[in-house]
file query23.tsv (TSV, C-alpha atoms and all ligand atoms)
chain	number	residue	atom	x	y	z
A	237	MET	CA	26.11	-21.88	-10.14
A	238	ALA	CA	28.20	-18.74	-10.48
A	239	ASN	CA	25.44	-16.71	-12.14
A	240	GLU	CA	22.62	-17.70	-9.85
A	241	PHE	CA	20.50	-14.72	-8.81
A	242	ASP	CA	20.91	-13.66	-5.18
A	243	PRO	CA	17.81	-11.74	-4.00
A	244	VAL	CA	19.57	-10.67	-0.76
A	245	THR	CA	22.29	-8.75	-2.65
A	246	LEU	CA	19.68	-7.18	-4.91
A	247	ARG	CA	17.56	-6.23	-1.86
A	248	HIS	CA	20.54	-4.52	-0.24
A	249	THR	CA	21.25	-2.61	-3.45
A	250	LEU	CA	17.65	-1.32	-3.52
A	251	HIS	CA	17.85	-0.55	0.20
A	252	GLN	CA	20.89	1.70	-0.28
A	253	THR	CA	19.20	3.84	-2.91
A	254	PRO	CA	15.60	4.32	-1.73
A	255	GLU	CA	13.37	6.69	-3.70
A	256	LEU	CA	10.12	8.43	-2.74
A	257	SER	CA	6.80	7.66	-4.43
A	258	ASN	CA	6.73	8.89	-8.05
A	259	HIS	CA	10.51	9.45	-8.05
A	260	GLU	CA	11.61	5.81	-8.39
A	261	ALA	CA	13.50	6.16	-11.71
A	262	LEU	CA	16.76	4.57	-10.50
A	263	THR	CA	14.95	1.72	-8.70
A	264	ALA	CA	12.92	1.02	-11.85
A	265	ARG	CA	16.09	0.94	-13.97
A	266	THR	CA	17.72	-1.52	-11.54
A	267	ILE	CA	14.66	-3.82	-11.67
A	268	ALA	CA	14.36	-3.66	-15.46
A	269	ALA	CA	18.10	-4.34	-15.92
A	270	GLN	CA	17.84	-7.41	-13.69
A	271	LEU	CA	14.81	-8.68	-15.61
A	272	ARG	CA	16.70	-8.28	-18.90
A	273	GLN	CA	19.54	-10.34	-17.43
A	274	PHE	CA	16.98	-13.11	-16.90
A	275	GLY	CA	16.17	-12.87	-20.63
A	276	PHE	CA	12.85	-11.02	-20.30
A	277	HIS	CA	11.72	-7.96	-22.25
A	278	PRO	CA	10.01	-5.91	-19.54
A	279	ALA	CA	7.55	-3.16	-20.48
A	280	THR	CA	8.59	-0.02	-18.61
A	281	ASP	CA	6.98	3.31	-17.58
A	282	ILE	CA	3.64	1.62	-16.88
A	283	GLY	CA	1.53	4.08	-14.88
A	284	GLY	CA	4.62	6.03	-13.83
A	285	HIS	CA	7.79	4.02	-13.19
A	286	GLY	CA	5.92	0.68	-13.20
A	287	ILE	CA	7.31	-2.43	-14.92
A	288	LEU	CA	5.42	-5.38	-16.38
A	289	VAL	CA	6.78	-8.75	-17.46
A	290	THR	CA	4.62	-11.18	-19.42
A	291	ILE	CA	5.55	-14.87	-19.24
A	292	GLN	CA	3.64	-17.24	-21.52
A	293	GLY	CA	3.19	-20.94	-20.97
A	294	THR	CA	3.13	-23.22	-23.99
A	295	ALA	CA	-0.53	-24.25	-23.58
A	296	PRO	CA	-3.54	-21.92	-23.18
A	297	GLY	CA	-4.71	-21.30	-19.64
A	298	PRO	CA	-5.56	-18.68	-17.03
A	299	THR	CA	-3.75	-15.39	-16.37
A	300	THR	CA	-2.17	-14.68	-12.99
A	301	LEU	CA	-0.71	-11.34	-11.91
A	302	LEU	CA	1.85	-11.19	-9.08
A	303	ARG	CA	2.51	-7.71	-7.76
A	304	ALA	CA	5.35	-6.14	-5.72
A	305	ASP	CA	5.77	-2.46	-4.82
A	306	PHE	CA	9.09	-0.57	-4.76
A	307	ASP	CA	8.76	2.98	-3.36
A	308	ALA	CA	10.31	4.19	-0.07
A	309	LEU	CA	9.36	6.66	2.68
A	310	PRO	CA	10.48	10.13	3.88
A	311	ILE	CA	12.11	8.76	7.07
A	312	GLU	CA	15.75	9.11	8.19
A	313	GLU	CA	17.15	5.61	8.65
A	314	ARG	CA	18.62	4.70	12.05
A	315	GLY	CA	20.26	1.41	11.22
A	316	SER	CA	23.73	0.01	11.54
A	317	GLN	CA	23.79	-2.17	8.43
A	318	ALA	CA	26.56	-1.73	5.88
A	319	TYR	CA	23.85	-1.25	3.24
A	320	CYS	CA	22.04	1.63	5.01
A	321	SER	CA	20.24	4.25	2.95
A	322	GLN	CA	22.59	6.58	1.07
A	323	HIS	CA	19.75	9.01	0.40
A	324	PRO	CA	19.37	11.37	3.39
A	325	GLY	CA	15.85	11.44	4.79
A	326	VAL	CA	14.60	8.56	2.63
A	327	MET	CA	14.48	4.88	3.56
A	328	HIS	CA	12.86	1.56	2.72
A	329	ALA	CA	10.92	1.51	6.00
A	330	CYS	CA	8.04	-0.63	4.73
A	331	GLY	CA	10.07	-3.45	3.18
A	332	HIS	CA	9.12	-2.74	-0.43
A	333	ASP	CA	12.77	-3.48	-1.28
A	334	GLY	CA	12.12	-7.01	0.03
A	335	HIS	CA	8.80	-7.39	-1.78
A	336	THR	CA	10.54	-6.51	-5.05
A	337	ALA	CA	13.58	-8.74	-4.40
A	338	ALA	CA	11.19	-11.65	-3.73
A	339	LEU	CA	9.31	-11.08	-7.00
A	340	LEU	CA	12.62	-10.87	-8.86
A	341	ALA	CA	13.53	-14.25	-7.35
A	342	VAL	CA	10.26	-15.58	-8.79
A	343	ALA	CA	11.19	-14.05	-12.17
A	344	ALA	CA	14.58	-15.79	-12.00
A	345	GLU	CA	12.91	-19.15	-11.41
A	346	LEU	CA	10.25	-18.64	-14.10
A	347	SER	CA	13.00	-17.75	-16.59
A	348	HIS	CA	14.29	-21.34	-16.15
A	349	ILE	CA	11.02	-23.14	-15.45
A	350	PRO	CA	8.18	-21.29	-17.21
A	351	PRO	CA	4.52	-22.01	-16.48
A	352	ALA	CA	3.14	-24.96	-18.45
A	353	ARG	CA	-0.10	-23.18	-19.40
A	354	GLY	CA	-1.59	-19.69	-19.42
A	355	THR	CA	0.16	-16.41	-18.69
A	356	VAL	CA	1.96	-15.06	-15.64
A	357	LEU	CA	2.29	-11.28	-15.31
A	358	LEU	CA	4.85	-9.84	-12.90
A	359	ALA	CA	3.88	-6.27	-11.95
A	360	PHE	CA	6.49	-4.08	-10.22
A	361	GLN	CA	4.56	-1.12	-8.88
A	362	PRO	CA	5.67	2.42	-7.95
A	363	ALA	CA	3.94	4.92	-5.63
A	364	GLU	CA	2.18	2.55	-3.22
A	365	GLU	CA	2.68	4.74	-0.16
A	366	THR	CA	0.66	7.58	-1.69
A	367	GLY	CA	-2.07	5.25	-2.99
A	368	GLU	CA	-1.48	6.29	-6.61
A	369	GLY	CA	0.62	3.62	-8.30
A	370	ALA	CA	-1.74	0.63	-8.42
A	371	ALA	CA	-4.69	2.52	-9.94
A	372	ARG	CA	-2.39	4.06	-12.56
A	373	MET	CA	-0.96	0.66	-13.50
A	374	CYS	CA	-4.45	-0.88	-13.64
A	375	GLU	CA	-5.63	1.91	-15.95
A	376	SER	CA	-2.61	1.61	-18.28
A	377	PRO	CA	-3.40	0.14	-21.72
A	378	GLU	CA	-0.90	-2.69	-21.07
A	379	ILE	CA	-3.04	-3.99	-18.18
A	380	ALA	CA	-6.52	-2.41	-18.35
A	381	ASN	CA	-7.87	-4.69	-21.07
A	382	VAL	CA	-6.29	-7.94	-19.89
A	383	GLN	CA	-8.63	-10.57	-18.45
A	384	ILE	CA	-6.85	-11.54	-15.22
A	385	ASP	CA	-8.06	-14.59	-13.29
A	386	ASN	CA	-5.82	-14.43	-10.21
A	387	VAL	CA	-4.04	-11.54	-8.44
A	388	TYR	CA	-1.60	-12.16	-5.58
A	389	ALA	CA	0.59	-9.89	-3.47
A	390	PHE	CA	2.12	-10.10	-0.02
A	391	HIS	CA	3.17	-7.63	2.65
A	392	ASN	CA	5.75	-8.48	5.30
A	393	LEU	CA	4.26	-8.17	8.81
A	394	PRO	CA	6.28	-7.38	11.93
A	395	GLY	CA	4.53	-8.69	15.05
A	396	PHE	CA	3.84	-12.10	13.49
A	397	ASN	CA	6.10	-15.14	13.72
A	398	GLN	CA	8.69	-15.21	10.98
A	399	HIS	CA	7.53	-17.18	7.87
A	400	GLN	CA	3.95	-17.39	9.15
A	401	ILE	CA	1.43	-16.86	6.34
A	402	VAL	CA	-1.28	-14.42	7.41
A	403	VAL	CA	-4.63	-14.62	5.60
A	404	ARG	CA	-8.15	-13.27	5.74
A	405	PRO	CA	-11.00	-13.82	3.27
A	406	GLY	CA	-12.97	-10.62	2.64
A	407	THR	CA	-11.31	-7.36	3.71
A	408	PHE	CA	-7.61	-7.79	4.50
A	409	ALA	CA	-6.67	-4.09	4.77
A	410	CYS	CA	-8.98	-1.12	5.37
A	411	ALA	CA	-10.04	1.73	3.13
A	412	SER	CA	-8.54	5.01	4.32
A	413	THR	CA	-8.16	8.62	3.37
A	414	GLY	CA	-6.75	11.81	4.75
A	415	VAL	CA	-9.14	14.75	4.79
A	416	ALA	CA	-8.49	18.47	5.24
A	417	ILE	CA	-11.42	20.76	6.05
A	418	GLU	CA	-10.52	24.41	5.50
A	419	LEU	CA	-12.85	27.14	6.75
A	420	TYR	CA	-12.55	30.69	5.49
A	421	GLY	CA	-14.11	33.76	7.15
A	422	LYS	CA	-12.57	37.19	7.69
A	423	THR	CA	-9.93	38.43	10.15
A	424	SER	CA	-10.51	41.51	12.27
A	425	HIS	CA	-8.92	43.44	15.13
A	426	ALA	CA	-9.09	41.27	18.24
A	427	ALA	CA	-10.74	44.24	20.00
A	428	TYR	CA	-13.56	44.19	17.40
A	429	PRO	CA	-14.18	40.52	16.62
A	430	GLU	CA	-17.74	41.34	15.48
A	431	ARG	CA	-16.25	43.09	12.44
A	432	GLY	CA	-14.78	39.82	11.18
A	433	ILE	CA	-16.09	36.30	10.63
A	434	SER	CA	-14.31	33.87	12.94
A	435	PRO	CA	-14.31	30.17	12.02
A	436	ALA	CA	-13.64	29.19	15.68
A	437	SER	CA	-17.01	27.72	16.59
A	438	ALA	CA	-17.51	26.04	13.19
A	439	MET	CA	-14.04	24.54	13.63
A	440	THR	CA	-14.97	22.97	16.97
A	441	GLY	CA	-18.20	21.79	15.30
A	442	VAL	CA	-16.18	20.09	12.55
A	443	MET	CA	-13.94	18.43	15.17
A	444	HIS	CA	-17.00	17.21	17.07
A	445	THR	CA	-18.59	15.97	13.81
A	446	LEU	CA	-15.43	14.01	12.98
A	447	THR	CA	-15.31	12.27	16.36
A	448	GLN	CA	-19.04	11.40	16.16
A	449	LEU	CA	-18.92	10.32	12.49
A	450	PRO	CA	-18.35	6.57	13.11
A	451	ASP	CA	-21.39	6.31	15.43
A	452	ALA	CA	-23.80	6.24	12.50
A	453	TYR	CA	-22.25	3.03	11.12
A	454	PRO	CA	-22.29	0.47	13.95
A	455	ASP	CA	-22.19	-2.51	11.56
A	456	ALA	CA	-18.76	-1.81	10.06
A	457	ASN	CA	-15.25	-1.43	11.42
A	458	ARG	CA	-14.60	2.30	11.17
A	459	LEU	CA	-12.22	4.78	12.69
A	460	VAL	CA	-11.69	8.54	12.55
A	461	THR	CA	-8.44	10.01	13.90
A	462	LEU	CA	-7.98	13.76	14.28
A	463	VAL	CA	-4.39	14.48	13.23
A	464	HIS	CA	-4.05	18.29	13.10
A	465	ALA	CA	-5.97	21.50	13.76
A	466	GLN	CA	-5.04	25.14	13.27
A	467	LEU	CA	-6.97	28.35	13.88
A	468	GLY	CA	-5.86	31.82	12.77
A	469	GLU	CA	-2.35	33.02	13.59
A	470	PRO	CA	-0.49	33.15	16.95
A	471	ALA	CA	-1.06	36.93	17.22
A	472	TYR	CA	-3.02	38.49	20.12
A	473	GLY	CA	-4.12	41.43	18.02
A	474	VAL	CA	-5.95	39.44	15.36
A	475	ALA	CA	-9.26	37.55	15.51
A	476	PRO	CA	-8.95	34.51	13.23
A	477	GLY	CA	-10.26	34.39	9.67
A	478	GLN	CA	-9.20	30.89	8.71
A	479	ALA	CA	-9.09	27.40	10.22
A	480	THR	CA	-7.98	23.94	9.11
A	481	VAL	CA	-8.84	20.56	10.59
A	482	MET	CA	-7.11	17.41	9.34
A	483	ALA	CA	-8.13	13.81	10.05
A	484	THR	CA	-7.98	10.27	8.69
A	485	LEU	CA	-11.04	8.12	7.99
A	486	ARG	CA	-10.88	4.31	7.83
A	487	SER	CA	-13.29	1.43	7.33
A	488	ASP	CA	-13.19	-2.24	6.36
A	489	ASP	CA	-16.30	-1.66	4.27
A	490	ASN	CA	-16.12	0.42	1.07
A	491	ALA	CA	-19.84	1.34	1.24
A	492	CYS	CA	-19.54	2.59	4.83
A	493	PHE	CA	-16.36	4.45	3.87
A	494	HIS	CA	-18.08	6.33	1.03
A	495	ALA	CA	-21.11	7.08	3.21
A	496	MET	CA	-18.90	8.53	6.00
A	497	LYS	CA	-17.17	10.78	3.46
A	498	ALA	CA	-20.46	12.07	2.04
A	499	ASP	CA	-21.83	12.61	5.55
A	500	LEU	CA	-18.75	14.64	6.52
A	501	VAL	CA	-19.03	16.90	3.46
A	502	ASP	CA	-22.74	17.52	4.21
A	503	LYS	CA	-22.11	18.41	7.84
A	504	ALA	CA	-19.09	20.63	7.07
A	505	ASN	CA	-21.16	22.51	4.48
A	506	THR	CA	-24.00	23.03	6.98
A	507	LEU	CA	-21.64	24.24	9.74
A	508	ALA	CA	-19.88	26.65	7.37
A	509	ALA	CA	-23.09	28.04	5.90
A	510	ARG	CA	-24.55	28.63	9.37
A	511	ALA	CA	-21.47	30.72	10.33
A	512	GLY	CA	-21.21	32.60	7.01
A	513	LEU	CA	-17.95	30.84	6.13
A	514	THR	CA	-16.76	29.24	2.95
A	515	VAL	CA	-15.45	25.72	3.22
A	516	ASN	CA	-13.13	23.52	1.20
A	517	VAL	CA	-12.96	19.76	1.85
A	518	SER	CA	-10.04	17.94	0.18
A	519	TRP	CA	-9.07	14.26	0.22
A	520	HIS	CA	-5.49	13.04	0.43
A	521	GLU	CA	-3.82	9.67	-0.12
A	522	PRO	CA	-7.09	7.78	-0.61
A	523	PHE	CA	-7.11	3.97	-0.56
A	524	ILE	CA	-10.06	1.64	-1.02
A	525	ALA	CA	-10.33	-1.53	1.09
A	526	ALA	CA	-8.30	-4.55	-0.11
A	527	GLU	CA	-10.88	-7.31	-0.51
A	528	ASN	CA	-9.80	-10.92	-0.93
A	529	SER	CA	-11.85	-13.63	-2.59
A	530	THR	CA	-12.49	-16.70	-0.44
A	531	HIS	CA	-11.34	-18.92	-3.30
A	532	HIS	CA	-7.96	-17.17	-3.67
A	533	THR	CA	-7.45	-17.01	0.09
A	534	GLN	CA	-7.88	-20.79	0.08
A	535	HIS	CA	-5.24	-21.09	-2.67
A	536	VAL	CA	-2.80	-19.16	-0.44
A	537	VAL	CA	-3.63	-21.48	2.47
A	538	SER	CA	-3.06	-24.62	0.37
A	539	ALA	CA	0.21	-23.22	-1.03
A	540	ALA	CA	1.38	-22.46	2.54
A	541	GLN	CA	0.39	-25.91	3.76
A	542	SER	CA	2.14	-27.60	0.82
A	543	LEU	CA	5.33	-25.81	1.97
A	544	GLY	CA	4.79	-26.73	5.63
A	545	LEU	CA	4.29	-23.06	6.63
A	546	ALA	CA	2.11	-22.07	9.58
A	547	VAL	CA	-1.08	-20.20	8.65
A	548	HIS	CA	-2.53	-17.43	10.81
A	549	ARG	CA	-6.13	-16.39	10.13
A	550	LEU	CA	-6.87	-12.76	11.03
A	551	THR	CA	-10.15	-12.19	12.84
A	552	GLU	CA	-10.06	-8.43	12.12
A	553	PRO	CA	-8.71	-6.71	9.01
A	554	MET	CA	-5.52	-4.67	9.17
A	555	ARG	CA	-6.32	-1.01	9.96
A	556	TRP	CA	-3.76	0.22	7.47
A	557	SER	CA	-4.30	0.33	3.73
A	558	GLU	CA	-2.60	-1.21	0.71
A	559	ASP	CA	-3.27	0.05	-2.79
A	560	VAL	CA	-3.09	-3.45	-4.28
A	561	ALA	CA	-6.80	-3.00	-3.43
A	562	GLU	CA	-7.12	-1.37	-6.87
A	563	PHE	CA	-6.04	-4.62	-8.56
A	564	LEU	CA	-8.34	-6.63	-6.28
A	565	ALA	CA	-11.31	-4.36	-7.09
A	566	ARG	CA	-10.91	-5.18	-10.79
A	567	TRP	CA	-9.85	-8.84	-10.69
A	568	PRO	CA	-10.21	-11.54	-8.01
A	569	GLY	CA	-7.27	-12.48	-5.85
A	570	ALA	CA	-5.69	-12.23	-2.43
A	571	LEU	CA	-3.32	-10.01	-0.49
A	572	PHE	CA	-1.63	-11.99	2.28
A	573	GLY	CA	0.98	-11.35	4.93
A	574	ILE	CA	4.29	-13.06	5.69
A	575	GLY	CA	5.40	-12.71	9.31
A	576	SER	CA	8.63	-10.69	9.72
A	577	GLY	CA	9.18	-11.88	13.29
A	578	GLU	CA	7.25	-11.30	16.48
A	579	HIS	CA	9.70	-8.68	17.79
A	580	HIS	CA	10.84	-7.25	14.48
A	581	PRO	CA	10.83	-3.40	14.42
A	582	GLN	CA	7.51	-2.08	13.12
A	583	LEU	CA	6.82	-0.80	9.61
A	584	HIS	CA	7.51	2.90	8.97
A	585	ASN	CA	9.94	3.03	11.95
A	586	PRO	CA	13.52	4.34	11.51
A	587	ASP	CA	15.06	1.09	12.83
A	588	TYR	CA	13.02	-1.18	10.54
A	589	ASP	CA	14.76	-3.33	7.91
A	590	PHE	CA	13.14	-6.04	5.77
A	591	PRO	CA	14.09	-9.48	7.16
A	592	ASP	CA	16.09	-11.25	4.44
A	593	ALA	CA	15.24	-14.61	6.06
A	594	ILE	CA	11.71	-14.46	4.60
A	595	LEU	CA	12.84	-13.90	0.99
A	596	PRO	CA	12.95	-17.67	0.25
A	597	THR	CA	9.51	-18.05	1.91
A	598	ALA	CA	8.01	-15.32	-0.27
A	599	LYS	CA	9.54	-16.79	-3.41
A	600	ALA	CA	8.38	-20.30	-2.50
A	601	ILE	CA	4.76	-19.31	-1.87
A	602	PHE	CA	4.54	-17.26	-5.09
A	603	THR	CA	6.02	-20.10	-7.15
A	604	ALA	CA	3.71	-22.63	-5.44
A	605	LEU	CA	0.72	-20.43	-6.39
A	606	VAL	CA	1.98	-20.23	-9.99
A	607	ALA	CA	2.39	-24.03	-10.06
A	608	GLU	CA	-1.17	-24.50	-8.71
A	609	HIS	CA	-2.74	-22.33	-11.42
A	610	HIS	CA	-0.37	-22.98	-14.33
A	611	GLY	CA	1.57	-26.18	-13.73
A	612	ARG	CA	5.32	-26.25	-14.29
A	613	GLY	CA	7.06	-26.40	-17.66
A	614	THR	CA	10.44	-28.04	-18.14
A	615	ASP	CA	13.83	-26.52	-17.34
B	701	ZN	ZN	4.16	-1.18	2.51
call {"tool": "encode", "arguments": {"input": "query23.tsv", "output": "structure tokens"}}
result
Amino acid sequence: MANEFDPVTLRHTLHQTPELSNHEALTARTIAAQLRQFGFHPATDIGGHGILVTIQGTAPGPTTLLRADFDALPIEERGSQAYCSQHPGVMHACGHDGHTAALLAVAAELSHIPPARGTVLLAFQPAEETGEGAARMCESPEIANVQIDNVYAFHNLPGFNQHQIVVRPGTFACASTGVAIELYGKTSHAAYPERGISPASAMTGVMHTLTQLPDAYPDANRLVTLVHAQLGEPAYGVAPGQATVMATLRSDDNACFHAMKADLVDKANTLAARAGLTVNVSWHEPFIAAENSTHHTQHVVSAAQSLGLAVHRLTEPMRWSEDVAEFLARWPGALFGIGSGEHHPQLHNPDYDFPDAILPTAKAIFTALVAEHHGRGTD
């Protein structure tokens, strides 16, 4: 068929024109234009540049939401493909171009063969990398009041065999946040440090607190990584008056995650007060843990098995975060992985490129899940 949709071509188009989180206007226009070509009337500007397509079956039934993200990263691409990024310093290094191309392939199929019953929502989401887009879409009036029975999304996973379906009931990806602890005292002449208020010892106290923080929660997976520290200025004449410590906090358990955050604020306040400093604790790029229902994980497993795909069950959750967690906190569902290849370049690396070979796999598992929940209408 001359007009058949080719997700590979579309993926390469998106790959050439990557856009950072919250700046995905062109990408959103490309997606919406493609959806209109399929005969849909997509709702646009949902929680930023988000797009929502509603596909009704003829009979009443459940509602399923399939989600793909479409933002890129501030990384300079080092690839040799003809379709390399044309936007300097920006690239699709997480494969969101592929996630979106796969969901468009599902849209193409559903435009010919709609679900027999219920409603399928296709959600194209901006601003995943900064942890903002999913919550904004969920809170939009177009989605907030919808009763959704099933949520599904996938992430491609380098390091796993290509086409392998990676599942885990319970937490699939961890909660995480960046934190910056700023301490403010008073500078002075380095010859008279007693005339100022140096944050030096409180700063080392904060760093020690951060490294010890996980010890109080032995029952959960948790991790604190110090990422940056700065004290005063590189000037021998000046005793410091300001310090900043930056770190990331992670856990597979939302309760432990919130407790660690509260504990950190308490201890930073105590350390600052003891030294006569003021303190400011700020949180950056926060994600909650992505928690899968056992029931929906089983649906993914059966869909994979019906397609003859190998299933890999994770024993530990992924340490990284995925903001589809916001959908999964409101409605039950499952985030799963599709292997990109055991030796495929890793996510967020300059030589990474989404493997086109798994596009048909992603489309097939999504459409199998739709068929399980909604049946198939006629062409
Ligand atoms: Zn990603």
call {"tool": "residues_near_ligand", "arguments": {"input": "query23.tsv", "ligand": "ligand ZN 701 (chain B)", "cutoff": "9 Å", "atoms": "only C-alpha atoms and all ligand atoms", "output": "list in words"}}
result
Asp305, Phe306, Asp307, Ala308, Ala329, Cys330, Gly331, His332, His335, Glu364, Glu365, His391, Asn392, Ser557, Glu558, Leu583 and His584 of chain A
call {"tool": "write_last_selection", "arguments": {"input": "query23.tsv", "atoms": "C-alpha atoms", "output": "PDB file, in the frame of the given file"}}
result
ATOM      1  CA  ASP A 305       5.770  -2.460  -4.820  1.00  0.00           C
ATOM      2  CA  PHE A 306       9.090  -0.570  -4.760  1.00  0.00           C
ATOM      3  CA  ASP A 307       8.760   2.980  -3.360  1.00  0.00           C
ATOM      4  CA  ALA A 308      10.310   4.190  -0.070  1.00  0.00           C
ATOM      5  CA  ALA A 329      10.920   1.510   6.000  1.00  0.00           C
ATOM      6  CA  CYS A 330       8.040  -0.630   4.730  1.00  0.00           C
ATOM      7  CA  GLY A 331      10.070  -3.450   3.180  1.00  0.00           C
ATOM      8  CA  HIS A 332       9.120  -2.740  -0.430  1.00  0.00           C
ATOM      9  CA  HIS A 335       8.800  -7.390  -1.780  1.00  0.00           C
ATOM     10  CA  GLU A 364       2.180   2.550  -3.220  1.00  0.00           C
ATOM     11  CA  GLU A 365       2.680   4.740  -0.160  1.00  0.00           C
ATOM     12  CA  HIS A 391       3.170  -7.630   2.650  1.00  0.00           C
ATOM     13  CA  ASN A 392       5.750  -8.480   5.300  1.00  0.00           C
ATOM     14  CA  SER A 557      -4.300   0.330   3.730  1.00  0.00           C
ATOM     15  CA  GLU A 558      -2.600  -1.210   0.710  1.00  0.00           C
ATOM     16  CA  LEU A 583       6.820  -0.800   9.610  1.00  0.00           C
ATOM     17  CA  HIS A 584       7.510   2.900   8.970  1.00  0.00           C
TER      18      HIS A 584
END
call {"tool": "atom_distance", "arguments": {"input": "query23.tsv", "atom1": "atom CA of A:Pro362", "atom2": "atom CA of A:Gln383"}}
result
22.0 Å
call {"tool": "residues_near_point", "arguments": {"input": "query23.tsv", "point": "(12.5, 5.1, -5.7)", "cutoff": "9 Å", "atoms": "only C-alpha atoms", "output": "list in words"}}
result
Leu250, Thr253, Pro254, Glu255, Leu256, Ser257, Asn258, His259, Glu260, Ala261, Leu262, Thr263, Ala264, His285, Phe306, Asp307, Ala308, Pro362 and Ala363 of chain A
call {"tool": "closest_residue", "arguments": {"input": "query23.tsv", "among": "A:Leu513, A:Ala304, A:Ala426, A:Leu357", "to": "A:Gly334", "atoms": "only C-alpha atoms"}}
result
A:Ala304
call {"tool": "residues_around", "arguments": {"input": "query23.tsv", "residues": "A:Phe408", "least_positions_apart": "3", "cutoff": "9 Å", "atoms": "only C-alpha atoms", "output": "JSON, numbers by chain"}}
result
{"A": [403, 404, 405, 488, 525, 526, 527, 528, 550, 552, 553, 554, 555, 557, 570, 571, 572]}
call {"tool": "residues_around", "arguments": {"input": "query23.tsv", "residues": "A:Phe493", "least_positions_apart": "5", "cutoff": "8 Å", "atoms": "all atoms listed in the file", "output": "PyMOL selection string"}}
result
chain A and resi 411-412+458+485-488
call {"tool": "atom_distance", "arguments": {"input": "query23.tsv", "atom1": "atom CA of A:Gly325", "atom2": "atom CA of A:Gly577"}}
result
25.7 Å
call {"tool": "closest_residue", "arguments": {"input": "query23.tsv", "among": "A:Asp559, A:Glu345, A:Glu313, A:Glu521", "to": "A:Gly275", "atoms": "all atoms listed in the file"}}
result
A:Glu345
call {"tool": "closest_residue", "arguments": {"input": "query23.tsv", "among": "A:Pro429, A:Pro591, A:Gly369, A:Pro278", "to": "A:His251", "atoms": "only C-alpha atoms"}}
result
A:Pro591
call {"tool": "atom_distance", "arguments": {"input": "query23.tsv", "atom1": "atom CA of A:Met496", "atom2": "atom CA of A:Phe563"}}
result
23.5 Å
call {"tool": "closest_residue", "arguments": {"input": "query23.tsv", "among": "A:Gly367, A:Gly297, A:Pro435, A:Gly414", "to": "A:Leu459", "atoms": "all atoms listed in the file"}}
result
A:Gly414
call {"tool": "residues_near_point", "arguments": {"input": "query23.tsv", "point": "(-0.4, -16.4, -1.9)", "cutoff": "8 Å", "atoms": "all atoms listed in the file", "output": "list of chain:residue names"}}
result
A:Tyr388, A:Ala389, A:Phe390, A:His532, A:Thr533, A:His535, A:Val536, A:Val537, A:Ala539, A:Ala540, A:Ala570, A:Leu571, A:Phe572, A:Ile601, A:Phe602, A:Leu605
call {"tool": "closest_residue", "arguments": {"input": "query23.tsv", "among": "A:Thr407, A:Gln582, A:Asn505, A:Thr447", "to": "A:Thr551", "atoms": "all atoms listed in the file"}}
result
A:Thr407
call {"tool": "closest_residue", "arguments": {"input": "query23.tsv", "among": "A:Ile574, A:Ala295, A:Leu309, A:Leu301", "to": "A:Ala352", "atoms": "only C-alpha atoms"}}
result
A:Ala295
call {"tool": "axis_aligned_box", "arguments": {"input": "query23.tsv", "around": "stretch 580-585 of chain A", "padding_each_side": "6 Å", "output": "AutoDock Vina command-line options"}}
result
--center_x 8.8 --center_y -2.1 --center_z 11.7 --size_x 16.0 --size_y 22.3 --size_z 17.5
call {"tool": "residues_around", "arguments": {"input": "query23.tsv", "residues": "A:Gln317", "least_positions_apart": "4", "cutoff": "10 Å", "atoms": "only C-alpha atoms", "output": "PyMOL selection string"}}
result
chain A and resi 248+252+321+589
call {"tool": "residues_around", "arguments": {"input": "query23.tsv", "residues": "A:Ala338", "least_positions_apart": "6", "cutoff": "7 Å", "atoms": "all atoms listed in the file", "output": "ChimeraX atom specification"}}
result
/A:243,595,598-599
call {"tool": "residues_around", "arguments": {"input": "query23.tsv", "residues": "A:Leu419", "least_positions_apart": "3", "cutoff": "7 Å", "atoms": "only C-alpha atoms", "output": "list in words"}}
result
Pro435, Gln478, Ala479, Thr480, Leu513, Thr514, Val515 and Asn516 of chain A
